[in-house]
Structures are given as structure tokens and as C-alpha cells.
file model-v9.txt (compact mmCIF, C-alpha atoms)
# COMPACT_ATOMS: atom_id res chain seq x y z
CA TYR A 754 183.16 38.71 -78.75
CA LEU A 755 186.86 38.31 -79.58
CA SER A 756 187.04 35.23 -77.37
CA MET A 757 184.45 33.58 -79.63
CA LEU A 758 186.52 34.16 -82.77
CA VAL A 759 189.50 32.87 -84.83
CA VAL A 760 191.87 31.36 -88.56
CA THR A 761 190.75 27.89 -89.42
CA ALA A 762 192.54 24.58 -89.38
CA ALA A 763 189.97 23.14 -91.74
CA LEU A 764 189.37 25.83 -94.37
CA ALA A 765 189.82 24.42 -97.85
CA PRO A 766 191.25 27.11 -100.15
CA ALA A 767 190.16 27.01 -103.75
CA PHE A 768 193.80 26.83 -104.79
CA VAL A 769 193.53 23.20 -103.70
CA HIS A 770 189.89 22.32 -104.30
CA ALA A 771 188.92 24.16 -107.46
CA GLN A 772 185.69 22.20 -107.95
CA TYR A 773 184.85 21.57 -104.29
CA GLN A 774 181.14 21.78 -103.58
CA TYR A 775 180.37 23.27 -100.19
CA ASP A 776 177.34 21.66 -98.58
CA ALA A 777 175.60 23.03 -95.50
CA LYS A 778 177.41 20.68 -93.12
CA GLN A 779 180.83 21.63 -94.46
CA VAL A 780 180.01 25.34 -94.29
CA ALA A 781 178.94 24.94 -90.65
CA GLN A 782 182.09 22.99 -89.77
CA GLU A 783 184.37 25.57 -91.35
CA ARG A 784 182.52 28.41 -89.61
CA THR A 785 182.89 26.70 -86.22
CA GLN A 786 186.60 26.14 -86.79
CA ALA A 787 187.10 29.72 -87.96
CA GLU A 788 185.42 31.06 -84.83
CA LEU A 789 187.75 28.92 -82.73
CA ASP A 790 190.92 29.94 -84.54
CA ALA A 791 190.34 33.62 -85.35
CA PRO A 792 191.42 35.11 -81.98
CA LYS A 793 194.75 33.32 -82.30
CA LEU A 794 195.33 34.76 -85.75
CA VAL A 795 194.13 38.21 -84.68
CA ASP A 796 196.67 38.16 -81.87
CA VAL A 797 199.58 37.05 -84.06
CA LEU A 798 198.80 39.64 -86.74
CA GLY A 799 198.27 42.43 -84.20
CA LEU A 800 194.84 43.21 -85.65
CA LYS A 801 192.47 45.69 -84.06
CA PRO A 802 188.90 46.66 -84.98
CA GLY A 803 188.99 49.26 -87.74
CA MET A 804 192.02 47.78 -89.50
CA ALA A 805 192.10 46.10 -92.92
CA VAL A 806 193.11 42.46 -93.45
CA GLY A 807 193.48 40.31 -96.56
CA ASP A 808 192.47 36.63 -96.65
CA ILE A 809 194.43 35.37 -99.67
CA GLY A 810 192.92 32.15 -100.99
CA THR A 811 189.75 32.38 -98.95
CA GLY A 812 188.14 29.16 -100.24
CA GLY A 813 184.71 28.85 -98.63
CA GLY A 814 185.07 32.27 -96.98
CA ALA A 815 184.48 31.25 -93.35
CA MET A 816 187.46 33.13 -91.91
CA ALA A 817 186.69 36.23 -93.95
CA ILE A 818 183.13 36.19 -92.58
CA VAL A 819 184.25 35.73 -88.97
CA LEU A 820 186.80 38.53 -89.29
CA GLY A 821 184.24 40.73 -91.02
CA HIS A 822 181.96 40.51 -87.98
CA TRP A 823 184.86 41.26 -85.65
CA ILE A 824 186.68 44.04 -87.48
CA GLY A 825 183.77 46.50 -87.35
CA SER A 826 184.56 49.69 -89.25
CA GLY A 827 187.60 48.01 -90.81
CA ARG A 828 187.67 45.93 -93.97
CA VAL A 829 188.32 42.34 -94.99
CA TYR A 830 189.56 41.60 -98.50
CA ALA A 831 188.83 37.99 -99.49
CA THR A 832 190.58 36.76 -102.63
CA ASP A 833 190.56 33.53 -104.59
CA ILE A 834 191.35 32.38 -108.12
CA THR A 835 188.36 30.14 -108.84
CA GLU A 836 184.91 31.19 -109.93
CA HIS A 837 183.18 28.74 -107.58
CA ALA A 838 184.99 29.98 -104.47
CA LEU A 839 184.35 33.60 -105.39
CA ARG A 840 180.65 32.93 -105.95
CA GLU A 841 180.31 31.00 -102.69
CA THR A 842 182.07 33.72 -100.71
CA ARG A 843 180.02 36.54 -102.27
CA ASP A 844 176.81 34.65 -101.44
CA TYR A 845 178.07 34.06 -97.89
CA VAL A 846 178.84 37.76 -97.43
CA LYS A 847 175.37 38.68 -98.69
CA ARG A 848 173.65 36.18 -96.37
CA GLU A 849 175.55 37.60 -93.40
CA GLY A 850 174.71 41.18 -94.34
CA LEU A 851 178.34 42.31 -94.23
CA ALA A 852 179.21 45.55 -96.00
CA ASN A 853 182.86 45.48 -94.89
CA VAL A 854 183.98 42.33 -96.77
CA THR A 855 185.21 42.86 -100.32
CA VAL A 856 185.62 39.78 -102.53
CA ILE A 857 188.29 40.07 -105.23
CA GLU A 858 189.40 37.67 -107.95
CA GLY A 859 193.09 36.99 -107.49
CA ALA A 860 195.64 35.84 -110.06
CA ALA A 861 198.50 33.38 -110.22
CA ALA A 862 201.09 36.14 -110.08
CA ALA A 863 199.25 38.83 -108.07
CA THR A 864 196.83 39.38 -105.20
CA ASN A 865 195.00 42.02 -107.28
CA LEU A 866 194.57 44.04 -104.09
CA PRO A 867 195.07 47.82 -104.07
CA ASP A 868 198.57 48.92 -103.10
CA ALA A 869 199.10 49.42 -99.36
CA CYS A 870 195.47 48.54 -98.60
CA CYS A 871 196.02 46.13 -95.72
CA ASP A 872 197.42 46.21 -92.20
CA ALA A 873 197.82 42.42 -92.38
CA LEU A 874 197.59 39.50 -94.80
CA PHE A 875 197.39 35.76 -94.31
CA LEU A 876 197.54 32.69 -96.54
CA ARG A 877 196.43 29.32 -95.19
CA HIS A 878 197.14 26.10 -97.08
CA VAL A 879 197.82 28.26 -100.12
CA TYR A 880 201.47 29.26 -100.41
CA HIS A 881 202.80 25.82 -101.36
CA HIS A 882 200.61 25.97 -104.49
CA ILE A 883 201.93 29.33 -105.71
CA VAL A 884 203.75 28.99 -109.05
CA GLU A 885 204.81 32.56 -109.85
CA ILE A 886 206.83 32.95 -106.66
CA ALA A 887 208.76 36.19 -107.20
CA ALA A 888 205.89 38.09 -108.82
CA PHE A 889 203.32 36.91 -106.29
CA ASN A 890 205.50 37.77 -103.30
CA LYS A 891 206.20 41.19 -104.76
CA SER A 892 202.43 41.68 -104.98
CA LEU A 893 201.99 40.59 -101.35
CA HIS A 894 204.60 43.14 -100.32
CA ALA A 895 202.88 45.89 -102.33
CA SER A 896 199.46 45.06 -100.81
CA LEU A 897 200.67 45.72 -97.26
CA LYS A 898 201.04 49.04 -95.50
CA PRO A 899 204.51 49.82 -94.10
CA GLY A 900 204.85 47.88 -90.86
CA GLY A 901 202.09 45.49 -91.92
CA ARG A 902 202.25 41.80 -91.02
CA LEU A 903 202.02 38.69 -93.18
CA ALA A 904 201.28 35.18 -91.90
CA ILE A 905 202.00 32.12 -94.04
CA ILE A 906 200.18 29.12 -92.58
CA ASP A 907 201.16 25.87 -94.25
CA PHE A 908 202.47 22.36 -93.67
CA GLU A 909 205.87 20.71 -93.98
CA ALA A 910 206.40 18.75 -97.18
CA ARG A 911 206.70 14.99 -96.92
CA LYS A 912 209.76 14.07 -98.95
CA GLY A 913 208.84 12.07 -102.02
CA SER A 914 205.16 13.06 -102.01
CA PRO A 915 203.82 14.49 -105.30
CA ILE A 916 204.76 18.13 -105.87
CA PRO A 917 201.86 20.24 -107.19
CA GLU A 918 202.22 20.99 -110.89
CA GLY A 919 204.35 24.01 -111.72
CA VAL A 920 205.78 24.75 -108.27
CA PRO A 921 209.57 24.76 -107.74
CA ALA A 922 211.33 21.52 -106.83
CA ASN A 923 212.69 23.09 -103.63
CA ARG A 924 209.30 22.29 -102.06
CA ILE A 925 210.65 18.69 -101.82
CA GLY A 926 207.11 17.28 -101.87
CA HIS A 927 203.48 18.30 -101.33
CA GLY A 928 203.80 21.11 -98.80
CA ILE A 929 206.77 23.40 -98.15
CA PRO A 930 209.70 23.57 -95.72
CA LYS A 931 209.62 26.51 -93.30
CA THR A 932 213.14 27.43 -94.35
CA VAL A 933 212.00 27.88 -97.96
CA VAL A 934 209.13 30.17 -96.92
CA ILE A 935 211.52 32.32 -94.89
CA GLU A 936 214.08 32.44 -97.71
CA GLU A 937 211.54 33.47 -100.34
CA MET A 938 209.78 36.05 -98.21
CA THR A 939 213.07 37.60 -97.15
CA ALA A 940 214.05 37.84 -100.81
CA ALA A 941 210.78 39.73 -101.43
CA GLY A 942 211.71 42.35 -98.84
CA PHE A 943 209.92 41.00 -95.75
CA LYS A 944 211.49 40.73 -92.30
CA HIS A 945 211.02 37.37 -90.59
CA VAL A 946 209.51 38.00 -87.14
CA ARG A 947 209.03 34.49 -85.79
CA THR A 948 207.88 30.97 -86.56
CA ILE A 949 205.23 29.02 -84.67
CA ASP A 950 206.02 25.36 -85.31
CA ALA A 951 202.60 24.01 -84.29
CA TRP A 952 199.53 25.88 -85.55
CA PRO A 953 196.93 26.54 -84.30
CA PRO A 954 198.19 26.82 -80.70
CA GLY A 955 196.37 24.49 -78.33
CA ASP A 956 195.23 22.12 -81.06
CA LYS A 957 195.52 18.48 -80.00
CA ASN A 958 196.94 17.37 -83.34
CA PRO A 959 198.41 20.43 -85.07
CA THR A 960 199.49 19.77 -88.65
CA LEU A 961 200.45 23.29 -89.69
CA PHE A 962 203.12 25.88 -88.96
CA LEU A 963 202.90 29.67 -89.09
CA THR A 964 205.69 31.91 -90.29
CA LEU A 965 205.22 35.60 -89.47
CA PHE A 966 206.74 38.45 -91.46
CA GLU A 967 206.67 42.24 -91.40
CA LYS A 968 206.98 44.82 -94.16
call {"tool": "encode", "arguments": {"input": "model-v9.txt", "output": "C-alpha cells"}}
result
Amino acid sequence: YLSMLVVTAALAPAFVHAQYQYDAKQVAQERTQAELDAPKLVDVLGLKPGMAVGDIGTGGGAMAIVLGHWIGSGRVYATDITEHALRETRDYVKREGLANVTVIEGAAAATNLPDACCDALFLRHVYHHIVEIAAFNKSLHASLKPGGRLAIIDFEARKGSPIPEGVPANRIGHGIPKTVVIEEMTAAGFKHVRTIDAWPPGDKNPTLFLTLFEK
């Protein structure tokens, strides 16, 4: 079943699309992409069935659902900061009959996850929108178990493009330089493990990168 899984190149986190309305076609597209990308993310994070993983900024919830089916006796924590995304994800979990996916309302400065609850965390298309950098990264660190892994999946900023409101100017534009991610995560106490310049691997037109860290 693992070969059928994977984290999505098309998930739209609610950090970006606060009022996005998910229709049936979009839900199906995101689910298909998540099933394609999940094994790649599972491999990078070193996940095994029975572990706990946090999907920070889950958006429509497709990756959380796919991982929920795969992780078995483990647990998936799916967080977001918008009411619509939380409602959509809770409904999705209910439709799929998953008892191992917990949906939690996040905050601008915190994941709101229990301390040391997760073996791994990931943020896709989310980190460049974080405003409370130091506090949020401290919360990420606290949410992980010792030795746990964190993946930041994002895109390089295009110089001169509009910077999201409230984020630091060191983003340069909409997006974020890999060097800035590494600098900020290192300052929060994480160890940089490696960077994958083109994510997801094997994609014909990859637009993202993945930076991997360890607590």
C-alpha cells in the first residue's frame, strides 16, 4: 500500500487560501496528488506505521487523510488556522472513517500540539507565511520528540514579488530562500540534515524545495 501513497504538490494550505471553497473535483485532484507524493515524504521523514506525524497547515486535509490510512495504529495531527479548513478536514476525516486523525486549530505563534507528541512534522507552502517566526519555531521544536524530523516544503522567493503582510523582509519576495529557512530553524535548535532542491522527486516541473531538520 505504501507504493500507492505520498505529500502533495498541489495541496492548498489555508494559510494561503483562507476562503477557498473545495469542490468535489479539487478534493479528488488533491487526494490523487497526495497519494502520489506521500511515499516520498514518508521516506524523507523516516516514518513507520505506528508513529505520530503532524501536518501543519493541512488546508483541504488530503495528505492527512492519506497518511491516516497508512500510519495504522499511529496518529496524524492535522492543524490549520482557518475555520473553513478545519471544518473541511474534520468532515473529510469523518467520511473516511478515520479514528487516528486529530484535527487541531493552530495559531499564528504556535502549533497548539501537545509537547513531544510527534515523531515528525511537515509544513508545505506554509512557512513563508509565518509571521511570529521565533515563537512558532519554538513551538515546532517543542511538538517534536527528541530525534524527530521536520520537513519545510516551500518555494524560492522571486525578488521583487509582493511579500505577504507581516512577514520579515528577509523573505525578499513571495516565497522564502532556502538559506533563510536553514538559518531560522538552526536558531530554534534544529539540526539541518539536508536540502532537496527539487521537490517532489521525479516531478517533471518541480517548483518546491524541501529542507530537512532534526531535533
call {"tool": "atom_distance", "arguments": {"input": "model-v9.txt", "atom1": "atom CA of Ala940 of chain A", "atom2": "atom CA of Gly859 of chain A"}}
result
22.0 Å
call {"tool": "residues_near_point", "arguments": {"input": "model-v9.txt", "point": "(206.4, 43.8, -99.5)", "cutoff": "10 Å", "atoms": "only C-alpha atoms", "output": "short mmCIF file (atom, residue, chain, number, x, y, z; two decimals) with C-alpha atoms, in the frame of the given file"}}
result
data_model
loop_
_atom_site.label_atom_id
_atom_site.label_comp_id
_atom_site.auth_asym_id
_atom_site.auth_seq_id
_atom_site.Cartn_x
_atom_site.Cartn_y
_atom_site.Cartn_z
CA ALA A 869 199.10 49.42 -99.36
CA ASN A 890 205.50 37.77 -103.30
CA LYS A 891 206.20 41.19 -104.76
CA SER A 892 202.43 41.68 -104.98
CA LEU A 893 201.99 40.59 -101.35
CA HIS A 894 204.60 43.14 -100.32
CA ALA A 895 202.88 45.89 -102.33
CA SER A 896 199.46 45.06 -100.81
CA LEU A 897 200.67 45.72 -97.26
CA LYS A 898 201.04 49.04 -95.50
CA PRO A 899 204.51 49.82 -94.10
CA GLY A 900 204.85 47.88 -90.86
CA GLY A 901 202.09 45.49 -91.92
CA ARG A 902 202.25 41.80 -91.02
CA LEU A 903 202.02 38.69 -93.18
CA MET A 938 209.78 36.05 -98.21
CA THR A 939 213.07 37.60 -97.15
CA ALA A 940 214.05 37.84 -100.81
CA ALA A 941 210.78 39.73 -101.43
CA GLY A 942 211.71 42.35 -98.84
CA PHE A 943 209.92 41.00 -95.75
CA LYS A 944 211.49 40.73 -92.30
CA PHE A 966 206.74 38.45 -91.46
CA GLU A 967 206.67 42.24 -91.40
CA LYS A 968 206.98 44.82 -94.16
#
call {"tool": "closest_residue", "arguments": {"input": "model-v9.txt", "among": "A:Glu841, A:Asp950, A:Asp790, A:Glu937", "to": "Phe889 of chain A", "atoms": "only C-alpha atoms"}}
result
A:Glu937
call {"tool": "atom_distance", "arguments": {"input": "model-v9.txt", "atom1": "atom CA of His822 of chain A", "atom2": "atom CA of Arg784 of chain A"}}
result
12.2 Å
call {"tool": "residues_around", "arguments": {"input": "model-v9.txt", "residues": "segment 873-886 of chain A", "least_positions_apart": "5", "cutoff": "7 Å", "atoms": "only C-alpha atoms", "output": "PyMOL selection string"}}
result
chain A and resi 766+768+798+805-810+861-862+897+901-907+917+919-920+928-929
call {"tool": "atom_distance", "arguments": {"input": "model-v9.txt", "atom1": "atom CA of Ile824 of chain A", "atom2": "atom CA of Lys801 of chain A"}}
result
6.9 Å
call {"tool": "closest_residue", "arguments": {"input": "model-v9.txt", "among": "A:Glu783, A:Glu909, A:Glu788, A:Glu918", "to": "Gly813 of chain A", "atoms": "all atoms listed in the file"}}
result
A:Glu783
call {"tool": "axis_aligned_box", "arguments": {"input": "model-v9.txt", "around": "segment 859-869 of chain A", "padding_each_side": "5 Å", "output": "lines of an AutoDock Vina configuration file"}}
result
center_x = 197.1
center_y = 41.4
center_z = -104.8
size_x = 18.0
size_y = 26.0
size_z = 20.9
call {"tool": "closest_residue", "arguments": {"input": "model-v9.txt", "among": "A:Ile949, A:Asn853, A:Ala922, A:Phe908", "to": "Leu961 of chain A", "atoms": "only C-alpha atoms"}}
result
A:Phe908
call {"tool": "closest_residue", "arguments": {"input": "model-v9.txt", "among": "A:Arg843, A:Lys931, A:Lys912, A:Arg947", "to": "Ala831 of chain A", "atoms": "all atoms listed in the file"}}
result
A:Arg843
